[in-house]
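Q: This is the structure, below, for whatever I ask next.
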Amino acid sequence: MRLRPSELAWRNLVHDKVRLLVTVTGVVFAVVLIVVELGLFLGFTTTTSGLIDRSRADLWITGARVPYIEMGVPYSERKLSTVLATPGVRQATKYIVRFSQWQRPDGRQESVQVVGFDPGQTLGGPWNVVEGRAADLKAADNVIVDELYKSKLGVSRVGEVFEIRGHRARVVGFTSGIRSFTTSPYVFTSFKTAQDYVTLAEDQTVFILVKAAAGEDIEALRARLLARVKDVDVLTNAEFSNKTRFYWMFTTGAGVAVLLAALLGLVVGVVVVAQTIYATTMDHLREYGTLKAMGATNGYLYRVIIQQAVISAVIGYSLAMVVSSFVVRESGKGGAAILLPLPMAVGMLALTIAMCTGAALVSINKVTRLDPATVFKG
Amino acid sequence: MPAIEARDLIKTYAKGEAAMRALDGVSIDIHAGELMLLAGPSGSGKTTLLSIIGCILRPSAGTLRVMGDDVSRMRERDLPAIRRERIGFVFQAFNLFPTLTAAQNVALALDLKGVAGRAARDRAAALLDQVGLGNKIDSYPADLSGGQKQRIAIARALAGNPPVILADEPTAALDSQSGRAVMDLLQRLAHERGRAVAIVTHDNRMLGYADRTVRMEDGRIVSDERTEGAAA
């Protein structure tokens with residue numbers, strides 16, 4: 001017969017099932033709140049720079065001082081030949097991201113973001129193509145849109161024909177889960193067709209995407225490009241991604257609002273967990289006092305209390321992950337992306353245990369400075 | 001040598017003008033084989049004295065020896081061992097763990113002493129047998145009467161084989177028959193097993209069990225009388 005602190009902790013917890021339910025509910029509520037808020041924040045930041053992060057480019061050549069991807073400034077496409085002639089460049093291609101107008105069958109106009117790339121190359125194309133092929137965009141006037149925006153664009157199936165700024169646009173495929181941060185869906189098409197859709201002069205491009213040769217030092221290549229190509233910025237993929245994220249996060253009010261909501265979620269979650277665990281520990285104060293009177297060391301009491309907190313944390317976290325996964329899956333079908341990557345899930349487990357043990361440690365102070373009246377009086 | 005030897009104990013709560021002296025120079029000896037009742041009105045300092053003797057509260061001044069060792073000078077971290085080895089507590093509200101069986105409640109005290117496994121189970125069963133509950137070892141407190149719960153609490157207090165038993169109103173939550181059974185048991189522990197037993201009580205019916213009755217008022221001992229232990 002051996003009653004380890006962990007067994008005592010477990011028995012203490014399950015004895016009062018209503019209290020356990022209240023504790024676990026508090027932890028679940030807090031964890032789901034934090035996951036949703038942080039997941040929204042993560043989804044928000046990831047969406048703003050999705051095109052850049054998935055471009056497969058090493059370097060972006062933009063007009064001077066372009067603040068983010070949606071604000072690209074056109075420049076002469078003749079710079080492409082200079083780029084291609086630069087040692088260390090394996091591949092380079094013209095690229096367009098610009099707003100335009102999509103006309104639905106009912107005559108309504110929708111703002112879209114046209115993404116023009118070279119379908120014969122690997123840089124800048126669509127990903128997660130679930131119907132059709134990116135190579136189908138080699139033919140003029142063909143477009144691929146995301147199935148999330150079918151209803152918004154009035155598209156129901158492949159083969160339907162629409163108009164973008166008076167030019168024909170034939171849907172040849174769909175992607176899945178490519179969200180636009182703005183309310184304007186992405187429309188992938190060939191560079192040549194995109195020039196028509198966004199009314200860009202034939203000799204102009206908005207970006208040039210560069211893939212470095214294998215083993216090439218990216219910083220050295222950037223320096224060579226800056227020396228040869230005038231009046232442009234040359235940014236690494238990560239730099240341009242961060243620049244775009246920073247713009248949306250901190251220059252617009254929306255980003256700060258999401259960030260504050262995430263922080264608020266974290267604070268509220270911590271407070272809810274702390275209050276719940278603290279109340280649970282206080283409920284067992286007499287039992288801890290009795291153990292102390294029986295000669296239990298503070299270390300023994302700490303182990304019982306902390307293990308109770310950890311058990312509550314693990315049960316609450318597990319249930320919260322079930323709820324969160326459902327919320328994340330359902331959010332994928334809507335306009336707002338809530339992300340829950342594995343590192344965040346693992347981090348949440350650590351955070352939940354830390355919150356619960358932290359709250360328990362606060363109440364430990366009460367236990368170690370026990371008033372004898374708590375133990376003696378009936 | 002007395003089991004408990006207290007000299008000039010003072011206990012002051014709070015500081016400054018709001019300071020309240022719960023014990024005001026209390027000196028007392030409690031001997032092995034003696035059942036001592038500690039009586040007095042509420043707020044007279046009985047529980048404070050019991051808490052200090054039990055090493056769960058430290059005096060503001062004075063000295064306390066338990067089995068000859070000056071515990072008032074010991075470090076805080078050394079006191080749990082004194083409580084485990086030398087003192088057994090019996091509480092008014094029993095303070096049993098509702099999630100543990102009778103045997104497990106007793107074994108928990110043994111576990112704190114490092115006794116585990118079959119030895120703990122056998123010892124717990126023997127202690128429960130000793131208090132007349134050998135047939136209740138697998139019962140949970142919720143399934144037992146008040147008197148039975150208090151006897152489990154006494155078995156638990158005896159788990160460490162302590163020379164001193166301290167009881168706070170052990171019969172307050174019991175009917176008179178159960179109360180007498182518990183007092184009989186405590187008296188036997190003093191007279192037959194040689195324990196020093198100190199009991200805080202408001203219950204005048206228990207006075208007959210005492211070998212000695214100490215009365216307190218306003219943090220002081222106002223009388224200390226030897227009695228016959230007539231109920232034995």
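To be explicit about the labels: the chains of the structure tokens are called A, B, and onward in the order shown, and within each one the residues are counted from 1, while ligands get numbers from 1 in the order they are shown.
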At a cut-off of 7 Å, list the chain B residues touching chain A, using only C-alpha atoms, as a compact mmCIF listing (two decimals) with C-alpha atoms, in the first residue's frame.

A:
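Generated file (selection.txt):
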```txt
# COMPACT_ATOMS: atom_id res chain seq x y z
CA SER B 51 -1.06 24.29 18.05
CA ILE B 56 2.31 23.69 13.84
CA PRO B 80 7.63 18.05 10.21
CA ALA B 81 9.82 15.21 11.46
CA ARG B 83 5.19 16.00 14.16
CA ARG B 84 5.58 12.71 12.28
CA PHE B 91 -9.45 16.73 15.18
CA GLN B 92 -12.97 17.79 16.02
CA ALA B 93 -14.14 17.30 12.40
CA ASN B 95 -10.26 15.53 8.94
CA PHE B 97 -9.56 12.08 3.47
CA THR B 99 -11.35 9.69 -1.12
CA LEU B 108 -1.17 7.74 4.53
CA ALA B 109 0.31 8.64 7.90
CA ASP B 111 3.56 6.62 4.09
CA LEU B 112 4.74 9.98 5.40
CA ALA B 116 4.86 1.38 2.53
CA GLY B 117 3.63 -1.84 0.91
CA ARG B 118 2.50 -4.87 2.91
CA ALA B 120 1.89 -0.42 5.89
CA ARG B 121 -1.24 -2.41 5.12
CA ASP B 168 -9.10 19.17 19.75
```

Q: Identify, on the basis of only C-alpha atoms, every residue whose closest approach to Gly269 of chain A does not exceed 7 Å; exclude the query and any residue fewer than 3 positions from it along the same chain; express the result as a PyMOL selection string.

A: chain A and resi 30-31+33-34+265-266+272-273

Q: For N, CA and C atoms, I'd like the residues from the last selection saved as a compact mmCIF listing (two decimals), in the first residue's frame.

A:
```txt
# COMPACT_ATOMS: atom_id res chain seq x y z
N ALA A 30 -10.43 28.79 -21.26
CA ALA A 30 -9.25 29.64 -21.38
C ALA A 30 -8.38 29.20 -22.56
N VAL A 31 -8.15 27.89 -22.68
CA VAL A 31 -7.27 27.41 -23.75
C VAL A 31 -7.90 27.66 -25.12
N LEU A 33 -10.03 29.96 -25.89
CA LEU A 33 -9.97 31.41 -26.12
C LEU A 33 -8.59 31.81 -26.64
N ILE A 34 -7.56 31.31 -25.98
CA ILE A 34 -6.20 31.67 -26.38
C ILE A 34 -5.88 31.11 -27.76
N GLY A 265 -6.91 37.83 -25.16
CA GLY A 265 -7.28 36.42 -25.00
C GLY A 265 -6.32 35.71 -24.07
N LEU A 266 -5.04 36.02 -24.23
CA LEU A 266 -4.01 35.39 -23.40
C LEU A 266 -4.19 35.80 -21.93
N VAL A 272 -8.52 33.34 -15.97
CA VAL A 272 -9.55 32.32 -15.73
C VAL A 272 -8.92 31.07 -15.13
N VAL A 273 -7.80 30.63 -15.72
CA VAL A 273 -7.13 29.42 -15.21
C VAL A 273 -6.63 29.66 -13.79
```

Q: Find the spatial neighbours of Thr63 of chain B, counting only C-alpha atoms, within a cut-off of 7 Å - ignore same-chain residues fewer than 3 positions away - and output them as number ranges by chain.

A: B: 6-9, 70, 72

Q: May I have the residues from that selection written out with C-alpha atoms, as a short mmCIF file (atom, residue, chain, number, x, y, z; two decimals), in the first residue's frame?

A:
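New file part37.cif:
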```cif
data_model
loop_
_atom_site.label_atom_id
_atom_site.label_comp_id
_atom_site.auth_asym_id
_atom_site.auth_seq_id
_atom_site.Cartn_x
_atom_site.Cartn_y
_atom_site.Cartn_z
CA ALA B 6 6.49 24.38 28.05
CA ARG B 7 7.95 27.44 29.77
CA ASP B 8 6.68 31.02 29.61
CA LEU B 9 5.03 30.62 26.25
CA ASP B 70 13.93 22.09 22.53
CA SER B 72 11.29 26.19 19.91
#
```

Q: Neighbours of Gly194 of chain B within 7 Å (only C-alpha atoms; same-chain residues fewer than 4 positions away dropped), as a PyMOL selection string?

A: chain B and resi 32-33+189-190

Q: Let's have the selection written as an mmCIF file, in the first residue's frame, with C-alpha atoms.

A:
```
data_model
loop_
_atom_site.group_PDB
_atom_site.id
_atom_site.type_symbol
_atom_site.label_atom_id
_atom_site.label_comp_id
_atom_site.auth_asym_id
_atom_site.auth_seq_id
_atom_site.Cartn_x
_atom_site.Cartn_y
_atom_site.Cartn_z
ATOM 1 C CA ALA B 32 3.525 10.123 29.763
ATOM 2 C CA GLY B 33 0.533 8.050 30.904
ATOM 3 C CA LEU B 189 -3.995 5.080 25.271
ATOM 4 C CA ALA B 190 -2.827 7.153 28.216
#
```

Q: Among segment 171-279 of chain A, which ones does DSSP place in alpha helix (DSSP H), written as a ChimeraX atom specification?

A: /A:191-197,218-228,237-246,253-279
